[in-house]
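Colleague: Pasting in a structure now, in structure tokens, and then I'll have a few things to ask.
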Amino acid sequence: MSNLKNSIAFLFSYLILVFGIAQVNYIEQNILNFEPAFFILIALAVLIGFYLPSVSQISIYIYLVFWTIVYGLVWWFYWRTLEHPSNIQTLGIQYILVAIAAGLAFDVGQHLRNMGTLFEGLSTTTYPNRTLEIQQAEDRISAELTRSRRYHHPLSLLIVELEKNRYKYKRENLDGLQKDLLQRFAVARVGQIISEGARETDLILRDRSGRFILLCPEMDFERSVIFGERIRKAVAEHMDAEVAWSSASFPDEALTFDELIERAEQRLTQPNSATQTSIPVQAEEKQLK
């Protein structure tokens with residue numbers, strides 16, 4: 001936490017210094033006459049640096065090379081064509097300032113990612129489950145779909161999403177960090193409940209938004225409805241929270257994984273459509289067990 005605070009302090013101190021220098025006048029002219037595009041570049045470098053480490057594993061060196069290329073392109077297509085282009089000294093100083101801002105922002109982004117990973121590890125340790133990140137399970141997803149196609153067996157996909165602001169805790173009394181921790185622990189607890197209720201053959205995945213995606217071999221649409229309702233009731237009973245869920249079946253409604261997700265998402269926006277099926281619940285639950 002102290003490293004994150006230091007990184008943020010260094011970044012904002014640096015930005016204040018840069019914008020302050022840009023306003024310093026010597027007699028009637030600014031000491032450094034920065035181009036307006038320079039301030040846009042430095043703002044973009046900072047904003048992208050905050051968020052890029054959380055969605056990508058690129059190194060800081062690649063990020064700096066990227067901004068070197070961007071700066072060169074801006075000079076070639078814009079600054080070079082101006083009626084009174086900046087001198088080489090000003091252009092060099094601008095590039096150095098943009099590169100430093102990009103590096104400091106990227107460092108803050110890395111600390112934020114590490115803190116998120118730490119929180120994720122704490123929540124998973126507290127509520128262990130067998131959930132996999134969807135990006136890490138592409139081979140298993142492909143294998144399940146291939147097996148279902150080859151042997152003409154049914155397969156269902158369920159989407160389960162924890163409804164925000166439906167916990168027993170009053171989130172409005174929490175600050176940003178506490179809300180993030182509560183959300184992560186709540187999602188981990190839902191994953192544990194799903195893992196306890198799922199079969200060994202069911203593949204439990206989670207996407208970047210925190211939704212759970214269950215791939216259930218040998219399960220048709222009717223049985224997936226029973227399964228989804230059972231998950232909803234279990235979450236309500238153990239967490240005093242609500243989940244939204246929907247399902248889609250292979251091969252009746254879709255033939256690929258992406259199509260299954262698309263179909264299930266359509267039902268998720270219309271919650272009643274996934275559960276308007278008249279089935280003998282108790283008999284089906286016995287079959288699922």
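Residue numbering restarts at 1 in every chain; chains get A, B, ... in the order shown in the structure tokens, and ligands count up from 1 in that same order.
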Excluding A:Ile194 and its own-chain neighbours fewer than 4 positions away, which residues fall within 7 Å of it when counting only C-alpha atoms? Please give them as a ChimeraX atom specification.
Modeller: /A:190,198,231
Colleague: Would you save the residues from that selection as a PDB file, in the first residue's frame, using N, CA and C atoms?
Modeller:
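Below is the file that was written, again.pdb:
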ATOM      1  N   VAL A 190     -20.076 -16.636  -4.046  1.00  0.00           N
ATOM      2  CA  VAL A 190     -20.991 -17.201  -5.043  1.00  0.00           C
ATOM      3  C   VAL A 190     -20.301 -18.334  -5.795  1.00  0.00           C
ATOM      4  N   ALA A 198     -22.442 -27.807  -8.184  1.00  0.00           N
ATOM      5  CA  ALA A 198     -22.212 -28.290  -9.545  1.00  0.00           C
ATOM      6  C   ALA A 198     -21.697 -29.726  -9.530  1.00  0.00           C
ATOM      7  N   ILE A 231     -29.248 -22.781  -7.911  1.00  0.00           N
ATOM      8  CA  ILE A 231     -28.153 -21.871  -7.560  1.00  0.00           C
ATOM      9  C   ILE A 231     -28.709 -20.593  -6.953  1.00  0.00           C
TER      10      ILE A 231
END
Colleague: Using DSSP on the backbone coordinates, identify all residues within stretch 211-243 of chain A classified as alpha helix (DSSP H); present the result as a count of residues only.
Modeller: 19
Colleague: Just list the residues in stretch 15-184 of chain A DSSP gives strand (DSSP E or B) on the backbone, as a ChimeraX atom specification.
Modeller: /A:25-26,29-30,132-133,155-162
Colleague: So that I have them on file, write out the residues from the current selection with all heavy atoms, as a short mmCIF file (atom, residue, chain, number, x, y, z; two decimals), in the first residue's frame.
Modeller:
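So part_27.cif came out as:
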data_model
loop_
_atom_site.label_atom_id
_atom_site.label_comp_id
_atom_site.auth_asym_id
_atom_site.auth_seq_id
_atom_site.Cartn_x
_atom_site.Cartn_y
_atom_site.Cartn_z
N ASN A 25 6.85 32.49 -16.84
CA ASN A 25 7.22 33.49 -17.86
C ASN A 25 8.57 34.12 -17.54
O ASN A 25 8.93 34.31 -16.38
CB ASN A 25 6.17 34.60 -17.93
CG ASN A 25 4.82 34.09 -18.41
OD1 ASN A 25 4.76 33.11 -19.16
ND2 ASN A 25 3.75 34.73 -17.97
N TYR A 26 9.31 34.42 -18.58
CA TYR A 26 10.56 35.20 -18.43
C TYR A 26 10.36 36.48 -19.23
O TYR A 26 10.30 36.48 -20.45
CB TYR A 26 11.76 34.42 -18.96
CG TYR A 26 13.06 35.16 -18.80
CD1 TYR A 26 13.65 35.29 -17.54
CD2 TYR A 26 13.69 35.75 -19.90
CE1 TYR A 26 14.84 35.98 -17.40
CE2 TYR A 26 14.87 36.43 -19.76
CZ TYR A 26 15.45 36.54 -18.50
OH TYR A 26 16.63 37.22 -18.35
N GLN A 29 7.53 36.25 -22.27
CA GLN A 29 7.34 34.99 -22.97
C GLN A 29 7.58 33.81 -22.02
O GLN A 29 8.35 33.91 -21.06
CB GLN A 29 8.32 34.88 -24.16
CG GLN A 29 8.05 35.90 -25.26
CD GLN A 29 8.99 35.70 -26.43
OE1 GLN A 29 9.99 35.01 -26.30
NE2 GLN A 29 8.66 36.32 -27.56
N ASN A 30 6.90 32.71 -22.32
CA ASN A 30 7.12 31.51 -21.54
C ASN A 30 8.53 30.99 -21.77
O ASN A 30 9.07 31.08 -22.88
CB ASN A 30 6.12 30.41 -21.94
CG ASN A 30 4.71 30.74 -21.48
OD1 ASN A 30 4.50 31.70 -20.74
ND2 ASN A 30 3.76 29.95 -21.92
N LEU A 132 -12.47 -21.20 -12.94
CA LEU A 132 -11.35 -20.89 -13.82
C LEU A 132 -11.63 -19.59 -14.56
O LEU A 132 -12.78 -19.28 -14.88
CB LEU A 132 -11.14 -22.01 -14.85
CG LEU A 132 -10.83 -23.41 -14.31
CD1 LEU A 132 -10.80 -24.41 -15.46
CD2 LEU A 132 -9.51 -23.42 -13.56
N GLU A 133 -10.58 -18.82 -14.82
CA GLU A 133 -10.74 -17.65 -15.68
C GLU A 133 -11.02 -18.12 -17.10
O GLU A 133 -10.38 -19.06 -17.58
CB GLU A 133 -9.48 -16.79 -15.65
CG GLU A 133 -9.18 -16.16 -14.29
CD GLU A 133 -10.28 -15.20 -13.84
OE1 GLU A 133 -10.89 -14.55 -14.71
OE2 GLU A 133 -10.50 -15.11 -12.63
N LEU A 155 -25.82 -30.16 -24.26
CA LEU A 155 -24.91 -29.38 -23.42
C LEU A 155 -25.58 -28.04 -23.16
O LEU A 155 -26.19 -27.45 -24.07
CB LEU A 155 -23.57 -29.20 -24.12
CG LEU A 155 -22.50 -28.35 -23.42
CD1 LEU A 155 -21.11 -28.92 -23.67
CD2 LEU A 155 -22.54 -26.90 -23.92
N SER A 156 -25.48 -27.57 -21.93
CA SER A 156 -26.09 -26.28 -21.58
C SER A 156 -25.05 -25.32 -21.05
O SER A 156 -24.05 -25.73 -20.43
CB SER A 156 -27.19 -26.48 -20.53
OG SER A 156 -28.30 -27.14 -21.07
N LEU A 157 -25.30 -24.06 -21.30
CA LEU A 157 -24.45 -22.99 -20.77
C LEU A 157 -25.31 -22.09 -19.89
O LEU A 157 -26.40 -21.68 -20.30
CB LEU A 157 -23.83 -22.19 -21.90
CG LEU A 157 -22.92 -21.01 -21.50
CD1 LEU A 157 -21.74 -20.90 -22.47
CD2 LEU A 157 -23.69 -19.68 -21.48
N LEU A 158 -24.85 -21.83 -18.69
CA LEU A 158 -25.54 -20.94 -17.77
C LEU A 158 -24.67 -19.73 -17.46
O LEU A 158 -23.45 -19.85 -17.30
CB LEU A 158 -25.88 -21.63 -16.44
CG LEU A 158 -27.05 -22.60 -16.42
CD1 LEU A 158 -26.62 -23.98 -16.92
CD2 LEU A 158 -27.64 -22.71 -15.02
N ILE A 159 -25.30 -18.57 -17.39
CA ILE A 159 -24.64 -17.35 -16.93
C ILE A 159 -25.25 -16.99 -15.58
O ILE A 159 -26.48 -16.91 -15.45
CB ILE A 159 -24.83 -16.19 -17.92
CG1 ILE A 159 -24.09 -16.48 -19.23
CG2 ILE A 159 -24.32 -14.88 -17.32
CD1 ILE A 159 -24.25 -15.40 -20.28
N VAL A 160 -24.41 -16.81 -14.59
CA VAL A 160 -24.86 -16.44 -13.24
C VAL A 160 -24.15 -15.16 -12.86
O VAL A 160 -22.91 -15.08 -12.88
CB VAL A 160 -24.57 -17.55 -12.21
CG1 VAL A 160 -25.06 -17.13 -10.84
CG2 VAL A 160 -25.22 -18.86 -12.63
N GLU A 161 -24.92 -14.15 -12.49
CA GLU A 161 -24.35 -12.84 -12.19
C GLU A 161 -24.90 -12.32 -10.87
O GLU A 161 -26.11 -12.30 -10.66
CB GLU A 161 -24.67 -11.85 -13.32
CG GLU A 161 -24.10 -10.47 -13.12
CD GLU A 161 -24.38 -9.55 -14.30
OE1 GLU A 161 -25.20 -9.94 -15.16
OE2 GLU A 161 -23.79 -8.47 -14.36
N LEU A 162 -24.00 -11.95 -9.97
CA LEU A 162 -24.42 -11.40 -8.68
C LEU A 162 -24.98 -10.00 -8.90
O LEU A 162 -24.34 -9.15 -9.51
CB LEU A 162 -23.22 -11.35 -7.73
CG LEU A 162 -23.49 -10.81 -6.32
CD1 LEU A 162 -24.43 -11.73 -5.55
CD2 LEU A 162 -22.17 -10.64 -5.56
#
Colleague: Atom CA of A:Tyr14 and atom CA of A:Asn87 are how many Å apart?
Modeller: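 These two atoms are separated by 23.7 Å.
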Colleague: If you count only C-alpha atoms, which residues fall within 12 Å of A:Asn6, apart from same-chain ones fewer than 2 positions away, as a PyMOL selection string?
Modeller: chain A and resi 1-4+8-13+104-105+107-108+111
Colleague: For atom CA of A:Ile96 and atom CA of A:Lys5, quote the distance in Å rounded to one decimal.
Modeller: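 The value is 23.8 Å.
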Colleague: How many Å lie between atom CA of A:Trp245 and atom CA of A:Tyr51, rounded to one decimal?
Modeller: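 Taking atom CA of A:Trp245 as the start and atom CA of A:Tyr51 as the end point, the length is 29.3 Å.
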Colleague: Residues near stretch 73-75 of chain A, anyone? I mean within 12 Å using only C-alpha atoms, not counting same-chain ones fewer than 6 positions away, as a list in words.
Modeller: Glu35, Pro36, Ala37, Phe38, Ile40, Leu41, Phe66, Trp67, Thr81, Leu82, Pro85, Ser86, Asn87, Ile88, Thr90, Leu91, Gly92, Gln94 and Tyr95 of chain A
Colleague: Go through A:Phe77, A:Tyr151, A:Tyr127, A:Phe212 and flag the residue nearest A:Arg189, using only C-alpha atoms for the distances.
Modeller: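 Checking each of A:Phe77, A:Tyr151, A:Tyr127, A:Phe212 against A:Arg189, counting only C-alpha atoms, the winner is A:Tyr127.
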Colleague: Please provide the set of residues having any atom within 10 Å of A:Gln135, restricted to only C-alpha atoms, with same-chain residues fewer than 3 positions apart removed, written as a list in words.
Modeller: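 In the requested form, the answer reads Leu132, Glu138, Asp139, Leu205, Arg206, Asp207 and Arg208 of chain A.
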Colleague: Env of A:Ala101: 7 Å cut, atoms = only C-alpha atoms, seq-sep filter 2 positions within chain, self excluded. Answer as a list in words.
Modeller: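 Skipping anything fewer than 2 positions along the chain leaves Ile42, Ala45, Val46, Leu97, Val98, Ala99, Gly103, Leu104 and Ala105 of chain A.
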Colleague: Those same residues - N, CA, C and O atoms - I'd like them written as a compact mmCIF listing (two decimals), in the first residue's frame.
Modeller:
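Generated output (part_31.txt):
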# COMPACT_ATOMS: atom_id res chain seq x y z
N ILE A 42 0.44 14.04 -22.96
CA ILE A 42 0.81 13.69 -21.58
C ILE A 42 -0.41 13.22 -20.80
O ILE A 42 -0.32 12.31 -19.96
N ALA A 45 -1.11 9.66 -22.04
CA ALA A 45 -0.09 8.74 -21.53
C ALA A 45 -0.39 8.35 -20.08
O ALA A 45 -0.20 7.20 -19.68
N VAL A 46 -0.88 9.30 -19.30
CA VAL A 46 -1.20 9.03 -17.90
C VAL A 46 -2.45 8.16 -17.79
O VAL A 46 -2.47 7.17 -17.05
N LEU A 97 9.50 14.60 -21.19
CA LEU A 97 8.44 14.80 -20.20
C LEU A 97 7.29 13.82 -20.42
O LEU A 97 6.73 13.29 -19.46
N VAL A 98 6.93 13.58 -21.69
CA VAL A 98 5.87 12.60 -21.98
C VAL A 98 6.30 11.20 -21.56
O VAL A 98 5.52 10.44 -20.96
N ALA A 99 7.55 10.84 -21.86
CA ALA A 99 8.04 9.51 -21.50
C ALA A 99 8.07 9.31 -19.99
O ALA A 99 7.70 8.24 -19.49
N GLY A 103 5.89 6.56 -17.91
CA GLY A 103 6.50 5.57 -17.02
C GLY A 103 5.95 5.64 -15.61
O GLY A 103 5.66 4.60 -14.99
N LEU A 104 5.75 6.84 -15.06
CA LEU A 104 5.21 6.98 -13.71
C LEU A 104 3.77 6.47 -13.65
O LEU A 104 3.38 5.80 -12.68
N ALA A 105 2.95 6.79 -14.67
CA ALA A 105 1.56 6.32 -14.68
C ALA A 105 1.50 4.81 -14.81
O ALA A 105 0.67 4.15 -14.17
